[in-house]
Amino acid sequence: MLDRLSFPQPWLSLILFVTWQLLSDGISGGSLVLGFVLAWAIPQITQGFWPERPSFLNVWRMPRYLLRVIRDIVTASFQVAALILSGRRPRPRFVCYPLELEHPLAISILASTISLTPGTVSADVSDDQRTLLIHALDADSDQQVIDTIRERYEQPLLEMFPC
């Protein structure tokens, strides 16, 4: 009984409640009650769609990871722009990246990070979730792409998520 009354995604509930209060026309008793009901009901209804909660080993590594990703996005943007403006033909290639990550959320974060960085796109994840297909716009070799992604993104994610 108490499990039904709990908040299965407390952070989502908090975000929903705060968002509802910001969208409503002033804070009133009715908006507080409706915000609370929505913050409880939406996670209850969508609970079956959420993966199991991740357990972070080192949550304090996340800000450093995010800063690295932002810096890489900016740097890669300039590199792609320089490639386009230089007139040199890119060396595109598809790379099969062997994953060490096992947690589905960590794999999703890695695939999203790769796709956010200009010049690379995550194209597919194998059915057994052991290989990620990546398209690189300009790369010397498969191993160069693999080494860069492993060092810059996958290793920090391995430290944040348990296997």
# chains A, B, ... in the order shown; residues from 1 in each chain; ligands from 1
>>> residues_around(residues="Ala106 (chain A)", least_positions_apart="2", cutoff="9 Å", atoms="only C-alpha atoms", output="ChimeraX atom specification")
/A:54,101-104,108-111,154,157-158,160-161
>>> select_by_dssp(residues="region 28-135 of chain A", states="alpha helix (DSSP H)", output="CSV table (one decimal) with N, CA and C atoms, in the first residue's frame")
chain,number,residue,atom,x,y,z
A,29,GLY,N,-3.5,27.7,-3.4
A,29,GLY,CA,-3.8,26.4,-2.8
A,29,GLY,C,-4.1,25.4,-3.9
A,30,GLY,N,-4.9,25.8,-4.9
A,30,GLY,CA,-5.2,24.9,-6.0
A,30,GLY,C,-4.0,24.5,-6.8
A,31,SER,N,-3.1,25.5,-7.1
A,31,SER,CA,-2.0,25.1,-7.9
A,31,SER,C,-1.0,24.2,-7.1
A,32,LEU,N,-0.9,24.4,-5.8
A,32,LEU,CA,-0.1,23.5,-5.0
A,32,LEU,C,-0.6,22.1,-5.0
A,33,VAL,N,-1.9,22.0,-4.8
A,33,VAL,CA,-2.5,20.7,-4.8
A,33,VAL,C,-2.4,20.0,-6.1
A,34,LEU,N,-2.8,20.7,-7.2
A,34,LEU,CA,-2.7,20.1,-8.5
A,34,LEU,C,-1.2,19.8,-8.9
A,35,GLY,N,-0.3,20.7,-8.5
A,35,GLY,CA,1.1,20.4,-8.7
A,35,GLY,C,1.6,19.1,-8.0
A,36,PHE,N,1.1,19.0,-6.8
A,36,PHE,CA,1.5,17.8,-6.0
A,36,PHE,C,0.9,16.5,-6.7
A,37,VAL,N,-0.4,16.6,-7.1
A,37,VAL,CA,-1.0,15.4,-7.7
A,37,VAL,C,-0.3,15.1,-9.0
A,38,LEU,N,0.0,16.0,-9.8
A,38,LEU,CA,0.8,15.8,-11.1
A,38,LEU,C,2.2,15.2,-10.8
A,39,ALA,N,2.8,15.8,-9.8
A,39,ALA,CA,4.2,15.3,-9.4
A,39,ALA,C,4.2,13.9,-8.9
A,40,TRP,N,3.0,13.5,-8.4
A,40,TRP,CA,2.9,12.1,-7.9
A,40,TRP,C,2.4,11.2,-9.0
A,41,ALA,N,1.4,11.6,-9.8
A,41,ALA,CA,0.7,10.8,-10.8
A,41,ALA,C,1.5,10.5,-12.0
A,42,ILE,N,2.2,11.5,-12.6
A,42,ILE,CA,3.0,11.2,-13.8
A,42,ILE,C,4.1,10.2,-13.6
A,43,PRO,N,4.9,10.3,-12.6
A,43,PRO,CA,5.8,9.2,-12.4
A,43,PRO,C,5.2,7.8,-12.1
A,44,GLN,N,4.0,7.8,-11.5
A,44,GLN,CA,3.3,6.5,-11.2
A,44,GLN,C,2.9,5.9,-12.5
A,45,ILE,N,2.3,6.7,-13.4
A,45,ILE,CA,1.8,6.3,-14.7
A,45,ILE,C,2.9,5.8,-15.6
A,62,MET,N,30.6,13.6,-12.4
A,62,MET,CA,29.7,14.1,-13.5
A,62,MET,C,30.0,15.6,-13.9
A,63,PRO,N,30.2,16.5,-13.0
A,63,PRO,CA,30.5,17.9,-13.5
A,63,PRO,C,31.7,18.0,-14.3
A,64,ARG,N,32.8,17.2,-14.0
A,64,ARG,CA,34.0,17.2,-14.8
A,64,ARG,C,33.7,16.6,-16.2
A,65,TYR,N,32.9,15.6,-16.2
A,65,TYR,CA,32.5,14.9,-17.5
A,65,TYR,C,31.8,15.9,-18.3
A,66,LEU,N,30.8,16.6,-17.7
A,66,LEU,CA,30.0,17.6,-18.5
A,66,LEU,C,30.8,18.7,-19.0
A,67,LEU,N,31.8,19.2,-18.3
A,67,LEU,CA,32.7,20.2,-18.7
A,67,LEU,C,33.5,19.7,-19.9
A,68,ARG,N,34.0,18.5,-19.8
A,68,ARG,CA,34.8,17.9,-20.9
A,68,ARG,C,33.9,17.8,-22.2
A,69,VAL,N,32.7,17.4,-22.0
A,69,VAL,CA,31.8,17.2,-23.2
A,69,VAL,C,31.6,18.6,-23.8
A,70,ILE,N,31.3,19.6,-23.0
A,70,ILE,CA,31.0,21.0,-23.6
A,70,ILE,C,32.3,21.5,-24.3
A,71,ARG,N,33.4,21.3,-23.7
A,71,ARG,CA,34.7,21.7,-24.3
A,71,ARG,C,34.9,21.0,-25.6
A,72,ASP,N,34.7,19.7,-25.6
A,72,ASP,CA,34.8,18.9,-26.8
A,72,ASP,C,33.8,19.3,-27.9
A,73,ILE,N,32.6,19.7,-27.6
A,73,ILE,CA,31.6,20.1,-28.5
A,73,ILE,C,32.1,21.4,-29.2
A,74,VAL,N,32.6,22.4,-28.4
A,74,VAL,CA,33.1,23.6,-29.0
A,74,VAL,C,34.3,23.4,-29.8
A,75,THR,N,35.3,22.6,-29.4
A,75,THR,CA,36.5,22.3,-30.1
A,75,THR,C,36.1,21.6,-31.4
A,76,ALA,N,35.3,20.6,-31.4
A,76,ALA,CA,34.9,19.8,-32.6
A,76,ALA,C,34.1,20.7,-33.6
A,77,SER,N,33.3,21.7,-33.1
A,77,SER,CA,32.6,22.6,-34.0
A,77,SER,C,33.6,23.4,-34.8
A,78,PHE,N,34.7,23.9,-34.2
A,78,PHE,CA,35.7,24.6,-34.9
A,78,PHE,C,36.5,23.7,-35.9
A,79,GLN,N,36.7,22.5,-35.5
A,79,GLN,CA,37.4,21.5,-36.3
A,79,GLN,C,36.6,21.2,-37.6
A,80,VAL,N,35.3,21.0,-37.4
A,80,VAL,CA,34.4,20.6,-38.5
A,80,VAL,C,34.3,21.9,-39.4
A,81,ALA,N,34.2,23.1,-38.9
A,81,ALA,CA,34.1,24.3,-39.7
A,81,ALA,C,35.4,24.5,-40.5
A,82,ALA,N,36.5,24.2,-39.8
A,82,ALA,CA,37.8,24.3,-40.5
A,82,ALA,C,37.9,23.3,-41.7
A,83,LEU,N,37.5,22.1,-41.4
A,83,LEU,CA,37.5,21.1,-42.5
A,83,LEU,C,36.6,21.5,-43.7
A,84,ILE,N,35.5,22.0,-43.4
A,84,ILE,CA,34.6,22.4,-44.5
A,84,ILE,C,35.2,23.6,-45.2
A,85,LEU,N,35.7,24.6,-44.5
A,85,LEU,CA,36.3,25.8,-45.2
A,85,LEU,C,37.6,25.5,-45.9
A,86,SER,N,38.3,24.5,-45.5
A,86,SER,CA,39.6,24.2,-46.1
A,86,SER,C,39.4,23.6,-47.5
A,104,PRO,N,22.6,0.2,-19.1
A,104,PRO,CA,21.9,0.8,-20.3
A,104,PRO,C,21.9,2.4,-20.2
A,105,LEU,N,21.8,3.0,-19.1
A,105,LEU,CA,21.9,4.4,-19.0
A,105,LEU,C,23.2,4.9,-19.4
A,106,ALA,N,24.3,4.3,-18.9
A,106,ALA,CA,25.6,4.7,-19.3
A,106,ALA,C,25.9,4.6,-20.8
A,107,ILE,N,25.4,3.5,-21.4
A,107,ILE,CA,25.5,3.3,-22.8
A,107,ILE,C,24.8,4.4,-23.5
A,108,SER,N,23.6,4.8,-23.0
A,108,SER,CA,22.8,5.9,-23.6
A,108,SER,C,23.5,7.2,-23.5
A,109,ILE,N,24.1,7.5,-22.4
A,109,ILE,CA,24.9,8.7,-22.2
A,109,ILE,C,26.1,8.8,-23.1
A,110,LEU,N,26.8,7.6,-23.3
A,110,LEU,CA,27.9,7.6,-24.2
A,110,LEU,C,27.4,7.8,-25.6
A,111,ALA,N,26.4,7.2,-26.1
A,111,ALA,CA,25.9,7.3,-27.4
A,111,ALA,C,25.4,8.8,-27.7
A,112,SER,N,24.8,9.4,-26.7
A,112,SER,CA,24.3,10.7,-26.8
A,112,SER,C,25.5,11.7,-26.9
A,113,THR,N,26.5,11.5,-26.0
A,113,THR,CA,27.7,12.3,-26.0
A,113,THR,C,28.4,12.3,-27.4
A,114,ILE,N,28.5,11.1,-28.0
A,114,ILE,CA,29.1,10.9,-29.3
A,114,ILE,C,28.3,11.7,-30.3
A,115,SER,N,27.0,11.6,-30.3
A,115,SER,CA,26.1,12.3,-31.3
A,115,SER,C,26.1,13.8,-31.1
A,116,LEU,N,26.3,14.2,-29.8
A,116,LEU,CA,26.3,15.7,-29.6
A,116,LEU,C,27.6,16.3,-30.1
>>> atom_distance(atom1="CA of Ser28 (chain A)", atom2="CA of Gln9 (chain A)")
24.8 Å
>>> select_by_dssp(residues="chain A", states="strand (DSSP E or B)", output="VMD selection string")
chain A and resid 93 to 98 120 to 125 131 to 136
>>> closest_residue(among="A:Pro92, A:Asp124, A:Glu100, A:Ile15", to="Leu137 (chain A)", atoms="only C-alpha atoms")
A:Pro92
>>> atom_distance(atom1="CA of Ala123 (chain A)", atom2="CA of Pro98 (chain A)")
13.8 Å
>>> atom_distance(atom1="CA of Thr131 (chain A)", atom2="CA of Val95 (chain A)")
9.7 Å
>>> decode(residues="region 129-143 of chain A", atoms="all heavy atoms", output="short mmCIF file (atom, residue, chain, number, x, y, z; two decimals), in the first residue's frame")
data_model
loop_
_atom_site.label_atom_id
_atom_site.label_comp_id
_atom_site.auth_asym_id
_atom_site.auth_seq_id
_atom_site.Cartn_x
_atom_site.Cartn_y
_atom_site.Cartn_z
N GLN A 129 24.09 -5.25 -26.86
CA GLN A 129 24.61 -4.04 -26.22
C GLN A 129 26.10 -4.13 -25.92
O GLN A 129 26.58 -3.66 -24.91
CB GLN A 129 23.81 -3.72 -24.95
CG GLN A 129 22.38 -3.37 -25.25
CD GLN A 129 21.65 -2.86 -24.02
OE1 GLN A 129 22.10 -3.01 -22.88
NE2 GLN A 129 20.53 -2.24 -24.25
N ARG A 130 26.83 -4.74 -26.81
CA ARG A 130 28.28 -4.86 -26.65
C ARG A 130 29.05 -4.05 -27.69
O ARG A 130 30.25 -3.88 -27.58
CB ARG A 130 28.72 -6.33 -26.74
CG ARG A 130 28.12 -7.25 -25.71
CD ARG A 130 28.31 -6.87 -24.27
NE ARG A 130 29.67 -6.55 -23.93
CZ ARG A 130 30.04 -5.67 -23.01
NH1 ARG A 130 29.15 -5.00 -22.33
NH2 ARG A 130 31.29 -5.45 -22.76
N THR A 131 28.35 -3.56 -28.75
CA THR A 131 29.01 -2.83 -29.82
C THR A 131 28.18 -1.62 -30.21
O THR A 131 26.96 -1.71 -30.32
CB THR A 131 29.20 -3.74 -31.06
OG1 THR A 131 29.88 -4.92 -30.67
CG2 THR A 131 30.01 -3.03 -32.14
N LEU A 132 28.86 -0.52 -30.41
CA LEU A 132 28.22 0.72 -30.82
C LEU A 132 28.75 1.06 -32.21
O LEU A 132 29.97 1.09 -32.42
CB LEU A 132 28.57 1.82 -29.82
CG LEU A 132 27.89 3.16 -29.92
CD1 LEU A 132 26.40 3.02 -29.69
CD2 LEU A 132 28.48 4.10 -28.87
N LEU A 133 27.86 1.29 -33.16
CA LEU A 133 28.26 1.67 -34.50
C LEU A 133 28.32 3.19 -34.56
O LEU A 133 27.34 3.87 -34.27
CB LEU A 133 27.27 1.14 -35.55
CG LEU A 133 27.60 1.46 -37.00
CD1 LEU A 133 28.92 0.80 -37.41
CD2 LEU A 133 26.47 1.00 -37.91
N ILE A 134 29.49 3.72 -34.92
CA ILE A 134 29.73 5.16 -34.92
C ILE A 134 30.14 5.59 -36.32
O ILE A 134 30.96 4.93 -36.96
CB ILE A 134 30.85 5.51 -33.91
CG1 ILE A 134 30.45 5.09 -32.51
CG2 ILE A 134 31.18 7.00 -33.97
CD1 ILE A 134 31.57 5.15 -31.51
N HIS A 135 29.60 6.70 -36.76
CA HIS A 135 30.06 7.31 -38.01
C HIS A 135 30.91 8.51 -37.65
O HIS A 135 30.48 9.40 -36.93
CB HIS A 135 28.89 7.75 -38.89
CG HIS A 135 29.35 8.38 -40.16
ND1 HIS A 135 29.53 9.74 -40.29
CD2 HIS A 135 29.70 7.83 -41.34
CE1 HIS A 135 29.96 10.00 -41.51
NE2 HIS A 135 30.07 8.85 -42.17
N ALA A 136 32.15 8.50 -38.15
CA ALA A 136 33.07 9.62 -37.95
C ALA A 136 33.22 10.36 -39.27
O ALA A 136 33.44 9.73 -40.31
CB ALA A 136 34.42 9.12 -37.46
N LEU A 137 33.10 11.67 -39.24
CA LEU A 137 33.19 12.48 -40.45
C LEU A 137 34.59 12.47 -41.03
O LEU A 137 34.77 12.38 -42.25
CB LEU A 137 32.75 13.91 -40.16
CG LEU A 137 32.86 14.92 -41.30
CD1 LEU A 137 31.90 14.54 -42.41
CD2 LEU A 137 32.57 16.31 -40.79
N ASP A 138 35.59 12.55 -40.16
CA ASP A 138 36.97 12.63 -40.63
C ASP A 138 37.87 11.93 -39.61
O ASP A 138 38.07 12.43 -38.51
CB ASP A 138 37.38 14.11 -40.77
CG ASP A 138 38.72 14.29 -41.43
OD1 ASP A 138 38.99 13.61 -42.43
OD2 ASP A 138 39.53 15.12 -40.93
N ALA A 139 38.39 10.77 -40.00
CA ALA A 139 39.23 10.01 -39.09
C ALA A 139 40.31 9.29 -39.87
O ALA A 139 40.08 8.84 -41.00
CB ALA A 139 38.40 8.99 -38.31
N ASP A 140 41.50 9.20 -39.27
CA ASP A 140 42.61 8.50 -39.90
C ASP A 140 42.40 6.99 -39.87
O ASP A 140 42.70 6.30 -40.83
CB ASP A 140 43.93 8.85 -39.20
CG ASP A 140 44.31 10.31 -39.40
OD1 ASP A 140 43.98 10.86 -40.47
OD2 ASP A 140 44.92 10.89 -38.49
N SER A 141 41.92 6.49 -38.74
CA SER A 141 41.75 5.04 -38.60
C SER A 141 40.65 4.73 -37.59
O SER A 141 40.27 5.59 -36.79
CB SER A 141 43.06 4.40 -38.12
OG SER A 141 43.33 4.79 -36.79
N ASP A 142 40.19 3.50 -37.65
CA ASP A 142 39.20 3.04 -36.67
C ASP A 142 39.77 3.12 -35.26
O ASP A 142 39.09 3.53 -34.32
CB ASP A 142 38.76 1.61 -36.96
CG ASP A 142 37.92 1.49 -38.22
OD1 ASP A 142 37.70 2.52 -38.89
OD2 ASP A 142 37.49 0.37 -38.53
N GLN A 143 41.01 2.70 -35.12
CA GLN A 143 41.63 2.66 -33.80
C GLN A 143 41.75 4.05 -33.18
O GLN A 143 41.62 4.21 -31.98
CB GLN A 143 43.00 1.98 -33.87
CG GLN A 143 43.54 1.57 -32.52
CD GLN A 143 42.61 0.62 -31.79
OE1 GLN A 143 42.10 -0.34 -32.36
NE2 GLN A 143 42.39 0.86 -30.51
#
